[in-house]
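Data block for run37.cif (mmCIF, C-alpha atoms):
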data_data
#
loop_
_atom_site.group_PDB
_atom_site.id
_atom_site.type_symbol
_atom_site.label_atom_id
_atom_site.label_comp_id
_atom_site.auth_asym_id
_atom_site.auth_seq_id
_atom_site.Cartn_x
_atom_site.Cartn_y
_atom_site.Cartn_z
ATOM 1 C CA GLN A 1 0.348 18.963 -6.735
ATOM 2 C CA VAL A 2 0.989 15.612 -5.108
ATOM 3 C CA GLN A 3 -1.904 13.202 -5.288
ATOM 4 C CA LEU A 4 -2.392 9.506 -4.550
ATOM 5 C CA VAL A 5 -5.574 7.777 -5.681
ATOM 6 C CA GLU A 6 -6.417 4.239 -4.608
ATOM 7 C CA SER A 7 -8.811 1.943 -6.424
ATOM 8 C CA GLY A 8 -9.701 -1.726 -6.638
ATOM 9 C CA GLY A 9 -11.352 -2.329 -3.302
ATOM 10 C CA GLY A 10 -14.610 -4.186 -2.898
ATOM 11 C CA LEU A 11 -16.391 -7.156 -1.409
ATOM 12 C CA VAL A 12 -14.761 -10.571 -1.789
ATOM 13 C CA GLN A 13 -15.344 -13.979 -0.271
ATOM 14 C CA PRO A 14 -12.742 -15.578 2.016
ATOM 15 C CA GLY A 15 -10.023 -17.149 -0.078
ATOM 16 C CA GLY A 16 -10.573 -14.684 -2.882
ATOM 17 C CA SER A 17 -8.245 -12.097 -4.399
ATOM 18 C CA LEU A 18 -8.179 -8.391 -5.080
ATOM 19 C CA ARG A 19 -5.648 -6.080 -6.670
ATOM 20 C CA LEU A 20 -5.447 -2.557 -5.333
ATOM 21 C CA SER A 21 -3.948 0.260 -7.388
ATOM 22 C CA CYS A 22 -2.371 3.484 -6.218
ATOM 23 C CA ALA A 23 -1.986 6.029 -8.994
ATOM 24 C CA ALA A 24 0.436 8.829 -8.202
ATOM 25 C CA SER A 25 0.661 12.296 -9.706
ATOM 26 C CA GLY A 26 2.784 15.348 -9.009
ATOM 27 C CA PHE A 27 5.946 13.359 -8.341
ATOM 28 C CA THR A 28 7.928 10.450 -9.772
ATOM 29 C CA LEU A 29 6.863 7.458 -7.780
ATOM 30 C CA ASP A 30 9.988 5.458 -8.591
ATOM 31 C CA TYR A 31 12.206 7.770 -6.533
ATOM 32 C CA TYR A 32 10.453 7.394 -3.189
ATOM 33 C CA PRO A 33 9.251 4.776 -0.717
ATOM 34 C CA ILE A 34 5.609 3.836 -1.086
ATOM 35 C CA GLY A 35 3.586 1.989 1.502
ATOM 36 C CA TRP A 36 0.225 0.291 1.784
ATOM 37 C CA PHE A 37 -1.602 0.544 5.087
ATOM 38 C CA ARG A 38 -4.929 -0.559 6.448
ATOM 39 C CA GLN A 39 -7.188 0.505 9.237
ATOM 40 C CA ALA A 40 -10.089 -1.493 10.590
ATOM 41 C CA PRO A 41 -12.756 0.074 12.821
ATOM 42 C CA GLY A 42 -11.440 0.581 16.327
ATOM 43 C CA LYS A 43 -7.905 -0.419 15.398
ATOM 44 C CA GLU A 44 -4.706 1.451 14.701
ATOM 45 C CA ARG A 45 -3.448 1.957 11.184
ATOM 46 C CA GLU A 46 -0.970 -0.776 10.300
ATOM 47 C CA GLY A 47 1.483 -1.214 7.471
ATOM 48 C CA VAL A 48 0.858 -4.202 5.216
ATOM 49 C CA SER A 49 3.536 -3.624 2.601
ATOM 50 C CA CYS A 50 6.057 -1.154 1.342
ATOM 51 C CA ILE A 51 8.424 -0.831 -1.592
ATOM 52 C CA SER A 52 11.578 1.202 -1.713
ATOM 53 C CA ASN A 53 12.794 3.286 -4.632
ATOM 54 C CA SER A 54 13.818 1.775 -7.928
ATOM 55 C CA GLY A 55 15.859 -0.942 -6.207
ATOM 56 C CA GLY A 56 12.536 -2.351 -5.202
ATOM 57 C CA SER A 57 13.172 -3.735 -1.704
ATOM 58 C CA THR A 58 9.863 -4.849 -0.276
ATOM 59 C CA TYR A 59 8.656 -5.595 3.237
ATOM 60 C CA TYR A 60 5.619 -7.321 4.693
ATOM 61 C CA PRO A 61 4.444 -8.085 8.208
ATOM 62 C CA ASP A 62 3.941 -11.740 9.106
ATOM 63 C CA SER A 63 0.162 -11.304 8.970
ATOM 64 C CA VAL A 64 0.202 -10.922 5.168
ATOM 65 C CA LYS A 65 3.517 -12.440 4.125
ATOM 66 C CA GLY A 66 3.029 -14.978 1.367
ATOM 67 C CA ARG A 67 -0.438 -13.635 0.545
ATOM 68 C CA PHE A 68 0.164 -9.979 -0.418
ATOM 69 C CA THR A 69 2.558 -8.731 -3.090
ATOM 70 C CA ILE A 70 3.476 -5.124 -3.776
ATOM 71 C CA SER A 71 4.755 -4.038 -7.172
ATOM 72 C CA ARG A 72 5.194 -0.895 -9.189
ATOM 73 C CA ASP A 73 4.694 0.112 -12.816
ATOM 74 C CA ASN A 74 6.949 3.095 -13.368
ATOM 75 C CA ALA A 75 5.527 3.824 -16.806
ATOM 76 C CA LYS A 76 2.097 4.282 -15.227
ATOM 77 C CA ASN A 77 3.439 5.874 -12.038
ATOM 78 C CA THR A 78 1.348 3.333 -10.157
ATOM 79 C CA VAL A 79 1.899 0.921 -7.286
ATOM 80 C CA TYR A 80 -0.180 -2.219 -6.891
ATOM 81 C CA LEU A 81 -1.049 -4.482 -3.996
ATOM 82 C CA GLN A 82 -2.035 -7.987 -5.053
ATOM 83 C CA MET A 83 -3.938 -9.663 -2.223
ATOM 84 C CA ASN A 84 -4.561 -13.397 -2.382
ATOM 85 C CA ASN A 85 -6.195 -15.862 -0.016
ATOM 86 C CA LEU A 86 -8.027 -13.045 1.701
ATOM 87 C CA LYS A 87 -9.358 -13.583 5.205
ATOM 88 C CA PRO A 88 -12.151 -11.817 7.118
ATOM 89 C CA GLU A 89 -9.499 -10.189 9.316
ATOM 90 C CA ASP A 90 -8.155 -8.411 6.210
ATOM 91 C CA THR A 91 -11.308 -6.295 6.158
ATOM 92 C CA ALA A 92 -10.308 -2.642 6.456
ATOM 93 C CA VAL A 93 -9.867 0.610 4.600
ATOM 94 C CA TYR A 94 -6.631 0.375 2.640
ATOM 95 C CA TYR A 95 -4.466 3.420 2.029
ATOM 96 C CA CYS A 96 -1.370 4.038 -0.015
ATOM 97 C CA ALA A 97 1.147 6.586 1.145
ATOM 98 C CA ALA A 98 4.379 8.173 -0.056
ATOM 99 C CA ASP A 99 7.390 9.357 1.891
ATOM 100 C CA LEU A 100 8.564 12.370 -0.077
ATOM 101 C CA LYS A 101 10.933 13.702 2.568
ATOM 102 C CA GLN A 102 14.004 12.073 1.069
ATOM 103 C CA LEU A 103 14.995 10.579 -2.273
ATOM 104 C CA PHE A 104 16.166 6.985 -2.606
ATOM 105 C CA LYS A 105 15.285 5.869 0.860
ATOM 106 C CA LEU A 106 14.471 2.386 2.086
ATOM 107 C CA CYS A 107 10.825 1.962 2.962
ATOM 108 C CA VAL A 108 9.506 1.147 6.415
ATOM 109 C CA LEU A 109 6.131 -0.119 7.592
ATOM 110 C CA GLY A 110 5.575 2.613 10.160
ATOM 111 C CA PRO A 111 2.868 5.051 9.065
ATOM 112 C CA LEU A 112 4.466 8.054 10.753
ATOM 113 C CA GLU A 113 7.241 8.062 8.133
ATOM 114 C CA TYR A 114 4.828 8.867 5.313
ATOM 115 C CA ASN A 115 3.741 12.411 4.590
ATOM 116 C CA TYR A 116 1.317 12.011 1.676
ATOM 117 C CA TRP A 117 -1.743 9.787 1.783
ATOM 118 C CA GLY A 118 -4.516 8.695 -0.516
ATOM 119 C CA GLN A 119 -8.175 8.756 0.422
ATOM 120 C CA GLY A 120 -8.442 5.005 0.974
ATOM 121 C CA THR A 121 -10.423 2.149 -0.538
ATOM 122 C CA GLN A 122 -12.643 -0.265 1.369
ATOM 123 C CA VAL A 123 -11.870 -3.978 1.317
ATOM 124 C CA THR A 124 -14.467 -6.294 2.831
ATOM 125 C CA VAL A 125 -13.864 -10.024 3.101
ATOM 126 C CA SER A 126 -17.050 -11.841 3.934
ATOM 127 C CA SER A 127 -19.127 -14.797 2.871
#
Could you render the structure as structure tokens?
Amino acid sequence: QVQLVESGGGLVQPGGSLRLSCAASGFTLDYYPIGWFRQAPGKEREGVSCISNSGGSTYYPDSVKGRFTISRDNAKNTVYLQMNNLKPEDTAVYYCAADLKQLFKLCVLGPLEYNYWGQGTQVTVSS
């Protein structure tokens, strides 16, 4: 059974940092693209980072480039999202997702490509 479980969200002041974790089970995370997405109230879900299979190609939109870093720990079957210099506009529910339709595929930031999703974790950036 495929499962993705996010953790690490919370309340942080502007300029602060958080590290989100996405623990995968039921499949080998290293073989598939994994993405991090966020959705703020009234807004569409947007991709904030993704990492391809073991080659590790990563992608970020301009809004988070230089502040967010995605990484994976294959031994723990877990993907992380390190978020630094957080801004109030980063406030959203953050989701991780896996594209299990094809092995060894480059990741993309479009949410429609991903067919398994976690339940989300809330990140609030506020003073």
Written as a PDB file with C-alpha atoms, keeping the file's coordinate frame, which residues does the PyMOL selection byres ((chain A and resi 113) around 10) give for the file shown?
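Output file part.pdb follows:
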ATOM      1  CA  PRO A  33       9.251   4.776  -0.717  1.00  0.00           C
ATOM      2  CA  GLY A  35       3.586   1.989   1.502  1.00  0.00           C
ATOM      3  CA  ALA A  97       1.147   6.586   1.145  1.00  0.00           C
ATOM      4  CA  ALA A  98       4.379   8.173  -0.056  1.00  0.00           C
ATOM      5  CA  ASP A  99       7.390   9.357   1.891  1.00  0.00           C
ATOM      6  CA  LEU A 100       8.564  12.370  -0.077  1.00  0.00           C
ATOM      7  CA  LYS A 101      10.933  13.702   2.568  1.00  0.00           C
ATOM      8  CA  CYS A 107      10.825   1.962   2.962  1.00  0.00           C
ATOM      9  CA  VAL A 108       9.506   1.147   6.415  1.00  0.00           C
ATOM     10  CA  LEU A 109       6.131  -0.119   7.592  1.00  0.00           C
ATOM     11  CA  GLY A 110       5.575   2.613  10.160  1.00  0.00           C
ATOM     12  CA  PRO A 111       2.868   5.051   9.065  1.00  0.00           C
ATOM     13  CA  LEU A 112       4.466   8.054  10.753  1.00  0.00           C
ATOM     14  CA  TYR A 114       4.828   8.867   5.313  1.00  0.00           C
ATOM     15  CA  ASN A 115       3.741  12.411   4.590  1.00  0.00           C
ATOM     16  CA  TYR A 116       1.317  12.011   1.676  1.00  0.00           C
TER      17      TYR A 116
END
Problem set entry | Pick from A:Asn85, A:Asn53, A:Gln39, A:Gln1 nearest to Arg19 in chain A, counting all atoms listed in the file |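 Among the listed residues, the smallest separation from Arg19 in chain A belongs to A:Asn85.
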Exercise. How many Å lie between CA of Ala23 in chain A and CA of Ser127 in chain A, rounded to one decimal?
Worked result: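 These atoms are spaced 29.5 Å apart.
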For this session: Tell me which of A:Thr58, A:Lys43, A:Gly8, A:Asn74 sits closest to Ser25 in chain A, counting only C-alpha atoms.
Result: A:Asn74
Exercise. Applied to this file, what does the PyMOL selection byres ((chain A and resi 78) around 12) return in terms of residues, put as a ChimeraX atom specification?
Worked result: /A:3-7,20-25,27-30,34-35,51,70-77,79-81,96-98
For this session: Provide the CA of Val12 in chain A to CA of Glu89 in chain A distance in Å, to one decimal place.
Result: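 CA of Glu89 in chain A lies at a distance of 12.3 Å from CA of Val12 in chain A.
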Exercise. Quick one: residues within 10 Å of Tyr60 in chain A, all atoms listed in the file counted, chain neighbours fewer than 3 positions away excluded, as an NGL selection string?
Worked result: :A and (36 or 47-51 or 63-70 or 108-109)
Exercise. Any idea what the distance is between CA of Ser52 in chain A and CA of Thr91 in chain A?
Worked result: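 Going from CA of Ser52 in chain A over to CA of Thr91 in chain A, I get 25.3 Å.
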Problem set entry | For Pro61 in chain A, the nearest of the candidates A:Phe37, A:Asn84, A:Glu44, A:Thr121, counting all atoms listed in the file |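 Residue with the minimum atom-to-atom distance to Pro61 in chain A: A:Phe37.
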For this session: Considering all atoms listed in the file, state which residue in the set A:Leu86, A:Val93, A:Leu106, A:Val2 is at the smallest distance from Gly16 in chain A.
Result: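 Smallest separation from Gly16 in chain A among the options: A:Leu86.
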Exercise. Closest to Gln13 in chain A among A:Arg38, A:Gly118, A:Pro88, A:Tyr94, using all atoms listed in the file?
Worked result: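 Among A:Arg38, A:Gly118, A:Pro88, A:Tyr94, it is A:Pro88 that comes nearest to Gln13 in chain A.
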Problem set entry | Which residue of A:Gln102, A:Ala92, A:Met83, A:Gly120 approaches Ala40 in chain A most closely, using only C-alpha atoms |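 Of the candidates, the smallest distance to Ala40 in chain A is held by A:Ala92.
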Exercise. Which polymer residues have any atom within 8 Å of an atom of Asp90 in chain A, counting only C-alpha atoms, with same-chain residues fewer than 5 positions away left out, as a PyMOL selection string?
Worked result: chain A and resi 123-125
Since the input lacks some atoms of range 17-30 of chain A, please model N, CA, C and O atoms and print them as a PDB file, in the coordinates of the input.
ATOM      1  N   SER A  17      -9.355 -13.007  -4.107  1.00  0.00           N
ATOM      2  CA  SER A  17      -8.245 -12.097  -4.399  1.00  0.00           C
ATOM      3  C   SER A  17      -8.764 -10.736  -4.843  1.00  0.00           C
ATOM      4  O   SER A  17      -9.866 -10.631  -5.397  1.00  0.00           O
ATOM      5  N   LEU A  18      -7.952  -9.740  -4.583  1.00  0.00           N
ATOM      6  CA  LEU A  18      -8.179  -8.391  -5.080  1.00  0.00           C
ATOM      7  C   LEU A  18      -6.834  -7.783  -5.434  1.00  0.00           C
ATOM      8  O   LEU A  18      -5.811  -8.131  -4.819  1.00  0.00           O
ATOM      9  N   ARG A  19      -6.851  -6.863  -6.376  1.00  0.00           N
ATOM     10  CA  ARG A  19      -5.648  -6.080  -6.670  1.00  0.00           C
ATOM     11  C   ARG A  19      -5.976  -4.604  -6.492  1.00  0.00           C
ATOM     12  O   ARG A  19      -6.840  -4.061  -7.190  1.00  0.00           O
ATOM     13  N   LEU A  20      -5.295  -3.985  -5.564  1.00  0.00           N
ATOM     14  CA  LEU A  20      -5.447  -2.557  -5.333  1.00  0.00           C
ATOM     15  C   LEU A  20      -4.431  -1.791  -6.167  1.00  0.00           C
ATOM     16  O   LEU A  20      -3.303  -2.249  -6.360  1.00  0.00           O
ATOM     17  N   SER A  21      -4.835  -0.618  -6.631  1.00  0.00           N
ATOM     18  CA  SER A  21      -3.948   0.260  -7.388  1.00  0.00           C
ATOM     19  C   SER A  21      -3.810   1.587  -6.659  1.00  0.00           C
ATOM     20  O   SER A  21      -4.755   2.055  -6.023  1.00  0.00           O
ATOM     21  N   CYS A  22      -2.643   2.163  -6.786  1.00  0.00           N
ATOM     22  CA  CYS A  22      -2.371   3.484  -6.218  1.00  0.00           C
ATOM     23  C   CYS A  22      -1.710   4.306  -7.319  1.00  0.00           C
ATOM     24  O   CYS A  22      -0.523   4.112  -7.621  1.00  0.00           O
ATOM     25  N   ALA A  23      -2.487   5.188  -7.914  1.00  0.00           N
ATOM     26  CA  ALA A  23      -1.986   6.029  -8.994  1.00  0.00           C
ATOM     27  C   ALA A  23      -1.456   7.334  -8.420  1.00  0.00           C
ATOM     28  O   ALA A  23      -2.168   8.036  -7.697  1.00  0.00           O
ATOM     29  N   ALA A  24      -0.208   7.637  -8.738  1.00  0.00           N
ATOM     30  CA  ALA A  24       0.436   8.829  -8.202  1.00  0.00           C
ATOM     31  C   ALA A  24       0.538   9.913  -9.260  1.00  0.00           C
ATOM     32  O   ALA A  24       0.717   9.625 -10.448  1.00  0.00           O
ATOM     33  N   SER A  25       0.440  11.159  -8.828  1.00  0.00           N
ATOM     34  CA  SER A  25       0.661  12.296  -9.706  1.00  0.00           C
ATOM     35  C   SER A  25       1.358  13.399  -8.923  1.00  0.00           C
ATOM     36  O   SER A  25       1.280  13.453  -7.696  1.00  0.00           O
ATOM     37  N   GLY A  26       2.085  14.242  -9.647  1.00  0.00           N
ATOM     38  CA  GLY A  26       2.784  15.348  -9.009  1.00  0.00           C
ATOM     39  C   GLY A  26       4.186  15.005  -8.541  1.00  0.00           C
ATOM     40  O   GLY A  26       4.892  15.890  -8.041  1.00  0.00           O
ATOM     41  N   PHE A  27       4.583  13.757  -8.682  1.00  0.00           N
ATOM     42  CA  PHE A  27       5.946  13.359  -8.341  1.00  0.00           C
ATOM     43  C   PHE A  27       6.244  12.041  -9.059  1.00  0.00           C
ATOM     44  O   PHE A  27       5.336  11.345  -9.505  1.00  0.00           O
ATOM     45  N   THR A  28       7.520  11.704  -9.142  1.00  0.00           N
ATOM     46  CA  THR A  28       7.928  10.450  -9.772  1.00  0.00           C
ATOM     47  C   THR A  28       7.990   9.368  -8.712  1.00  0.00           C
ATOM     48  O   THR A  28       8.864   9.351  -7.851  1.00  0.00           O
ATOM     49  N   LEU A  29       7.056   8.471  -8.808  1.00  0.00           N
ATOM     50  CA  LEU A  29       6.863   7.458  -7.780  1.00  0.00           C
ATOM     51  C   LEU A  29       8.108   6.606  -7.565  1.00  0.00           C
ATOM     52  O   LEU A  29       8.398   6.172  -6.455  1.00  0.00           O
ATOM     53  N   ASP A  30       8.845   6.365  -8.633  1.00  0.00           N
ATOM     54  CA  ASP A  30       9.988   5.458  -8.591  1.00  0.00           C
ATOM     55  C   ASP A  30      11.092   5.949  -7.649  1.00  0.00           C
ATOM     56  O   ASP A  30      11.928   5.163  -7.217  1.00  0.00           O
TER      57      ASP A  30
END
